[in-house]
$ cat coords18.pdb   # PDB, N, CA and C atoms
ATOM      1  N   MET A 125       6.608  -2.489   9.794
ATOM      2  CA  MET A 125       6.575  -1.616   8.645
ATOM      3  C   MET A 125       5.152  -1.129   8.373
ATOM      4  N   THR A 126       4.200  -2.049   8.301
ATOM      5  CA  THR A 126       2.829  -1.609   8.085
ATOM      6  C   THR A 126       2.253  -0.955   9.329
ATOM      7  N   LEU A 127       2.800  -1.291  10.512
ATOM      8  CA  LEU A 127       2.384  -0.618  11.735
ATOM      9  C   LEU A 127       2.736   0.861  11.666
ATOM     10  N   TYR A 128       3.927   1.170  11.182
ATOM     11  CA  TYR A 128       4.346   2.565  11.019
ATOM     12  C   TYR A 128       3.395   3.302  10.076
ATOM     13  N   ILE A 129       3.068   2.680   8.961
ATOM     14  CA  ILE A 129       2.180   3.309   7.981
ATOM     15  C   ILE A 129       0.800   3.546   8.593
ATOM     16  N   SER A 130       0.274   2.545   9.286
ATOM     17  CA  SER A 130      -1.060   2.680   9.876
ATOM     18  C   SER A 130      -1.090   3.679  11.022
ATOM     19  N   ALA A 131      -0.032   3.731  11.800
ATOM     20  CA  ALA A 131      -0.014   4.594  12.980
ATOM     21  C   ALA A 131       0.114   6.074  12.631
ATOM     22  N   PHE A 132       0.756   6.388  11.526
ATOM     23  CA  PHE A 132       1.056   7.782  11.232
ATOM     24  C   PHE A 132       0.312   8.356  10.029
ATOM     25  N   THR A 133      -0.734   7.686   9.576
ATOM     26  CA  THR A 133      -1.518   8.221   8.473
ATOM     27  C   THR A 133      -2.928   8.533   8.939
ATOM     28  N   PHE A 134      -3.431   9.652   8.505
ATOM     29  CA  PHE A 134      -4.783  10.083   8.819
ATOM     30  C   PHE A 134      -5.449  10.482   7.511
ATOM     31  N   GLY A 135      -6.707  10.121   7.347
ATOM     32  CA  GLY A 135      -7.426  10.542   6.166
ATOM     33  C   GLY A 135      -8.057   9.421   5.384
ATOM     34  N   GLY A 136      -7.894   8.184   5.797
ATOM     35  CA  GLY A 136      -8.574   7.101   5.120
ATOM     36  C   GLY A 136      -7.665   6.240   4.264
ATOM     37  N   GLY A 137      -8.309   5.330   3.556
ATOM     38  CA  GLY A 137      -7.595   4.315   2.787
ATOM     39  C   GLY A 137      -6.727   4.830   1.666
ATOM     40  N   PHE A 138      -7.173   5.853   0.982
ATOM     41  CA  PHE A 138      -6.390   6.343  -0.152
ATOM     42  C   PHE A 138      -5.095   7.003   0.296
ATOM     43  N   VAL A 139      -5.095   7.597   1.473
ATOM     44  CA  VAL A 139      -3.866   8.175   2.012
ATOM     45  C   VAL A 139      -2.878   7.061   2.347
ATOM     46  N   ILE A 140      -3.376   5.986   2.947
ATOM     47  CA  ILE A 140      -2.501   4.870   3.296
ATOM     48  C   ILE A 140      -1.930   4.220   2.049
ATOM     49  N   ILE A 141      -2.706   4.145   0.984
ATOM     50  CA  ILE A 141      -2.214   3.540  -0.253
ATOM     51  C   ILE A 141      -1.032   4.328  -0.805
ATOM     52  N   THR A 142      -1.067   5.640  -0.719
ATOM     53  CA  THR A 142       0.075   6.424  -1.207
ATOM     54  C   THR A 142       1.311   6.198  -0.340
ATOM     55  N   PHE A 143       1.125   6.050   0.975
ATOM     56  CA  PHE A 143       2.257   5.738   1.844
ATOM     57  C   PHE A 143       2.817   4.355   1.537
ATOM     58  N   MET A 144       1.923   3.386   1.267
ATOM     59  CA  MET A 144       2.367   2.041   0.914
ATOM     60  C   MET A 144       3.146   2.055  -0.391
ATOM     61  N   LYS A 145       2.692   2.853  -1.335
ATOM     62  CA  LYS A 145       3.409   2.961  -2.610
ATOM     63  C   LYS A 145       4.800   3.533  -2.385
ATOM     64  N   ARG A 146       4.903   4.563  -1.581
ATOM     65  CA  ARG A 146       6.203   5.171  -1.311
ATOM     66  C   ARG A 146       7.148   4.180  -0.642
ATOM     67  N   LYS A 147       6.619   3.398   0.294
ATOM     68  CA  LYS A 147       7.460   2.464   1.034
ATOM     69  C   LYS A 147       7.832   1.239   0.202
ATOM     70  N   PHE A 148       6.834   0.571  -0.391
ATOM     71  CA  PHE A 148       7.079  -0.710  -1.046
ATOM     72  C   PHE A 148       7.596  -0.594  -2.474
ATOM     73  N   VAL A 149       7.300   0.506  -3.144
ATOM     74  CA  VAL A 149       7.768   0.675  -4.521
ATOM     75  C   VAL A 149       9.028   1.537  -4.554
ATOM     76  N   ASP A 150       8.966   2.706  -3.940
ATOM     77  CA  ASP A 150      10.074   3.661  -4.058
ATOM     78  C   ASP A 150      11.263   3.310  -3.168
ATOM     79  N   GLU A 151      11.008   2.905  -1.919
ATOM     80  CA  GLU A 151      12.106   2.661  -0.987
ATOM     81  C   GLU A 151      12.615   1.218  -1.013
ATOM     82  N   LEU A 152      11.714   0.260  -0.866
ATOM     83  CA  LEU A 152      12.124  -1.141  -0.742
ATOM     84  C   LEU A 152      12.247  -1.869  -2.078
ATOM     85  N   HIS A 153      11.607  -1.358  -3.116
ATOM     86  CA  HIS A 153      11.631  -1.958  -4.463
ATOM     87  C   HIS A 153      11.098  -3.384  -4.463
ATOM     88  N   TRP A 154      10.089  -3.647  -3.615
ATOM     89  CA  TRP A 154       9.452  -4.967  -3.598
ATOM     90  C   TRP A 154       8.527  -5.143  -4.781
ATOM     91  N   LEU A 155       7.946  -4.054  -5.286
ATOM     92  CA  LEU A 155       6.999  -4.083  -6.394
ATOM     93  C   LEU A 155       7.370  -3.023  -7.408
ATOM     94  N   GLU A 156       6.948  -3.251  -8.635
ATOM     95  CA  GLU A 156       7.030  -2.214  -9.655
ATOM     96  C   GLU A 156       5.813  -1.305  -9.501
ATOM     97  N   GLU A 157       5.885  -0.103 -10.050
ATOM     98  CA  GLU A 157       4.774   0.839  -9.924
ATOM     99  C   GLU A 157       3.507   0.306 -10.586
ATOM    100  N   ASP A 158       3.646  -0.365 -11.724
ATOM    101  CA  ASP A 158       2.477  -0.947 -12.401
ATOM    102  C   ASP A 158       1.819  -2.037 -11.559
ATOM    103  N   GLU A 159       2.627  -2.855 -10.878
ATOM    104  CA  GLU A 159       2.071  -3.898 -10.018
ATOM    105  C   GLU A 159       1.303  -3.289  -8.843
ATOM    106  N   MET A 160       1.850  -2.236  -8.269
ATOM    107  CA  MET A 160       1.180  -1.566  -7.156
ATOM    108  C   MET A 160      -0.139  -0.968  -7.610
ATOM    109  N   LEU A 161      -0.152  -0.375  -8.786
ATOM    110  CA  LEU A 161      -1.384   0.192  -9.329
ATOM    111  C   LEU A 161      -2.419  -0.901  -9.568
ATOM    112  N   ASP A 162      -1.998  -2.032 -10.108
ATOM    113  CA  ASP A 162      -2.923  -3.149 -10.326
ATOM    114  C   ASP A 162      -3.513  -3.651  -9.014
ATOM    115  N   LEU A 163      -2.680  -3.773  -7.989
ATOM    116  CA  LEU A 163      -3.180  -4.224  -6.688
ATOM    117  C   LEU A 163      -4.131  -3.204  -6.075
ATOM    118  N   ALA A 164      -3.833  -1.920  -6.236
ATOM    119  CA  ALA A 164      -4.723  -0.884  -5.697
ATOM    120  C   ALA A 164      -6.071  -0.908  -6.395
ATOM    121  N   VAL A 165      -6.080  -1.113  -7.706
ATOM    122  CA  VAL A 165      -7.339  -1.191  -8.455
ATOM    123  C   VAL A 165      -8.125  -2.431  -8.037
ATOM    124  N   LEU A 166      -7.447  -3.549  -7.873
ATOM    125  CA  LEU A 166      -8.103  -4.779  -7.441
ATOM    126  C   LEU A 166      -8.668  -4.620  -6.032
ATOM    127  N   ALA A 167      -7.917  -3.962  -5.161
ATOM    128  CA  ALA A 167      -8.403  -3.721  -3.796
ATOM    129  C   ALA A 167      -9.623  -2.809  -3.801
ATOM    130  N   GLN A 168      -9.624  -1.810  -4.668
ATOM    131  CA  GLN A 168     -10.768  -0.896  -4.746
ATOM    132  C   GLN A 168     -12.012  -1.610  -5.267
ATOM    133  N   ALA A 169     -11.833  -2.570  -6.165
ATOM    134  CA  ALA A 169     -12.968  -3.304  -6.727
ATOM    135  C   ALA A 169     -13.499  -4.363  -5.765
ATOM    136  N   SER A 170     -12.706  -4.760  -4.789
ATOM    137  CA  SER A 170     -13.110  -5.782  -3.830
ATOM    138  C   SER A 170     -13.960  -5.164  -2.722
ATOM    139  N   PRO A 171     -14.822  -5.966  -2.106
ATOM    140  CA  PRO A 171     -15.597  -5.435  -0.978
ATOM    141  C   PRO A 171     -14.693  -5.228   0.232
ATOM    142  N   GLY A 172     -14.990  -4.208   0.996
ATOM    143  CA  GLY A 172     -14.205  -3.905   2.186
ATOM    144  C   GLY A 172     -13.362  -2.667   1.979
ATOM    145  N   ALA A 173     -12.611  -2.343   3.002
ATOM    146  CA  ALA A 173     -11.752  -1.152   2.949
ATOM    147  C   ALA A 173     -10.578  -1.405   2.013
ATOM    148  N   ALA A 174     -10.331  -0.470   1.114
ATOM    149  CA  ALA A 174      -9.283  -0.642   0.100
ATOM    150  C   ALA A 174      -7.912  -0.823   0.734
ATOM    151  N   ALA A 175      -7.597  -0.063   1.770
ATOM    152  CA  ALA A 175      -6.283  -0.176   2.401
ATOM    153  C   ALA A 175      -6.103  -1.536   3.061
ATOM    154  N   LEU A 176      -7.158  -2.044   3.688
ATOM    155  CA  LEU A 176      -7.078  -3.352   4.327
ATOM    156  C   LEU A 176      -6.877  -4.449   3.296
ATOM    157  N   VAL A 177      -7.633  -4.408   2.226
ATOM    158  CA  VAL A 177      -7.527  -5.425   1.181
ATOM    159  C   VAL A 177      -6.156  -5.353   0.519
ATOM    160  N   LEU A 178      -5.643  -4.152   0.269
ATOM    161  CA  LEU A 178      -4.329  -4.004  -0.346
ATOM    162  C   LEU A 178      -3.242  -4.536   0.578
ATOM    163  N   THR A 179      -3.381  -4.322   1.877
ATOM    164  CA  THR A 179      -2.417  -4.855   2.831
ATOM    165  C   THR A 179      -2.403  -6.376   2.798
ATOM    166  N   VAL A 180      -3.568  -6.980   2.669
ATOM    167  CA  VAL A 180      -3.645  -8.439   2.571
ATOM    168  C   VAL A 180      -2.985  -8.911   1.280
ATOM    169  N   PHE A 181      -3.172  -8.221   0.182
ATOM    170  CA  PHE A 181      -2.533  -8.587  -1.087
ATOM    171  C   PHE A 181      -1.017  -8.492  -0.974
ATOM    172  N   LEU A 182      -0.508  -7.487  -0.281
ATOM    173  CA  LEU A 182       0.933  -7.317  -0.146
ATOM    174  C   LEU A 182       1.553  -8.290   0.829
ATOM    175  N   TRP A 183       0.757  -8.823   1.739
ATOM    176  CA  TRP A 183       1.271  -9.730   2.733
ATOM    177  C   TRP A 183       1.747 -10.977   2.044
TER
END
$ encode --input "coords18.pdb" --output "structure tokens"
Amino acid sequence: MTLYISAFTFGGGFVIITFMKRKFVDELHWLEEDEMLDLAVLAQASPGAAALVLTVFLW
């Protein structure tokens, strides 16, 4: 699932975050939209690439 997101997105971490939101919130309903936003903000505040950190949080 995350392989698909990583393989077909171009443009950096913020683009991948929107794809992750579409997949995990809208399609799979694993998270609420507020939870996804909180994780994205936490990932942005953490050192490192935001998409990588957010992927670790979702794992």
$ residues_around --input "coords18.pdb" --residues "stretch 137-144 of chain A" --least-positions-apart "3" --cutoff "8 Å" --atoms "only N, CA and C atoms" --output "PDB file with N, CA and C atoms, in the coordinates of the input"
ATOM      1  N   ILE A 129       3.068   2.680   8.961  1.00  0.00           N
ATOM      2  CA  ILE A 129       2.180   3.309   7.981  1.00  0.00           C
ATOM      3  C   ILE A 129       0.800   3.546   8.593  1.00  0.00           C
ATOM      4  N   SER A 130       0.274   2.545   9.286  1.00  0.00           N
ATOM      5  CA  SER A 130      -1.060   2.680   9.876  1.00  0.00           C
ATOM      6  C   SER A 130      -1.090   3.679  11.022  1.00  0.00           C
ATOM      7  N   THR A 133      -0.734   7.686   9.576  1.00  0.00           N
ATOM      8  CA  THR A 133      -1.518   8.221   8.473  1.00  0.00           C
ATOM      9  C   THR A 133      -2.928   8.533   8.939  1.00  0.00           C
ATOM     10  N   PHE A 134      -3.431   9.652   8.505  1.00  0.00           N
ATOM     11  CA  PHE A 134      -4.783  10.083   8.819  1.00  0.00           C
ATOM     12  C   PHE A 134      -5.449  10.482   7.511  1.00  0.00           C
ATOM     13  N   LYS A 147       6.619   3.398   0.294  1.00  0.00           N
ATOM     14  CA  LYS A 147       7.460   2.464   1.034  1.00  0.00           C
ATOM     15  C   LYS A 147       7.832   1.239   0.202  1.00  0.00           C
ATOM     16  N   PHE A 148       6.834   0.571  -0.391  1.00  0.00           N
ATOM     17  CA  PHE A 148       7.079  -0.710  -1.046  1.00  0.00           C
ATOM     18  C   PHE A 148       7.596  -0.594  -2.474  1.00  0.00           C
ATOM     19  N   VAL A 149       7.300   0.506  -3.144  1.00  0.00           N
ATOM     20  CA  VAL A 149       7.768   0.675  -4.521  1.00  0.00           C
ATOM     21  C   VAL A 149       9.028   1.537  -4.554  1.00  0.00           C
ATOM     22  N   ASP A 150       8.966   2.706  -3.940  1.00  0.00           N
ATOM     23  CA  ASP A 150      10.074   3.661  -4.058  1.00  0.00           C
ATOM     24  C   ASP A 150      11.263   3.310  -3.168  1.00  0.00           C
ATOM     25  N   MET A 160       1.850  -2.236  -8.269  1.00  0.00           N
ATOM     26  CA  MET A 160       1.180  -1.566  -7.156  1.00  0.00           C
ATOM     27  C   MET A 160      -0.139  -0.968  -7.610  1.00  0.00           C
ATOM     28  N   ALA A 164      -3.833  -1.920  -6.236  1.00  0.00           N
ATOM     29  CA  ALA A 164      -4.723  -0.884  -5.697  1.00  0.00           C
ATOM     30  C   ALA A 164      -6.071  -0.908  -6.395  1.00  0.00           C
ATOM     31  N   ALA A 173     -12.611  -2.343   3.002  1.00  0.00           N
ATOM     32  CA  ALA A 173     -11.752  -1.152   2.949  1.00  0.00           C
ATOM     33  C   ALA A 173     -10.578  -1.405   2.013  1.00  0.00           C
ATOM     34  N   ALA A 174     -10.331  -0.470   1.114  1.00  0.00           N
ATOM     35  CA  ALA A 174      -9.283  -0.642   0.100  1.00  0.00           C
ATOM     36  C   ALA A 174      -7.912  -0.823   0.734  1.00  0.00           C
ATOM     37  N   ALA A 175      -7.597  -0.063   1.770  1.00  0.00           N
ATOM     38  CA  ALA A 175      -6.283  -0.176   2.401  1.00  0.00           C
ATOM     39  C   ALA A 175      -6.103  -1.536   3.061  1.00  0.00           C
ATOM     40  N   LEU A 176      -7.158  -2.044   3.688  1.00  0.00           N
ATOM     41  CA  LEU A 176      -7.078  -3.352   4.327  1.00  0.00           C
ATOM     42  C   LEU A 176      -6.877  -4.449   3.296  1.00  0.00           C
ATOM     43  N   LEU A 178      -5.643  -4.152   0.269  1.00  0.00           N
ATOM     44  CA  LEU A 178      -4.329  -4.004  -0.346  1.00  0.00           C
ATOM     45  C   LEU A 178      -3.242  -4.536   0.578  1.00  0.00           C
TER      46      LEU A 178
END
$ axis_aligned_box --input "coords18.pdb" --around "stretch 146-153 of chain A" --padding-each-side "8 Å" --output "JSON"
{"center_x": 8.8, "center_y": 0.9, "center_z": -1.8, "size_x": 23.7, "size_y": 24.6, "size_z": 21.6}
$ select_by_dssp --input "coords18.pdb" --residues "chain A" --states "helix (DSSP H, G or I)" --output "count of residues only"
43
$ atom_distance --input "coords18.pdb" --atom1 "atom N of A:Leu155" --atom2 "atom CA of A:Phe181"
12.2 Å
$ atom_distance --input "coords18.pdb" --atom1 "atom N of A:Glu159" --atom2 "atom CA of A:Lys145"
10.1 Å
$ atom_distance --input "coords18.pdb" --atom1 "atom CA of A:Val180" --atom2 "atom CA of A:Asp158"
17.8 Å
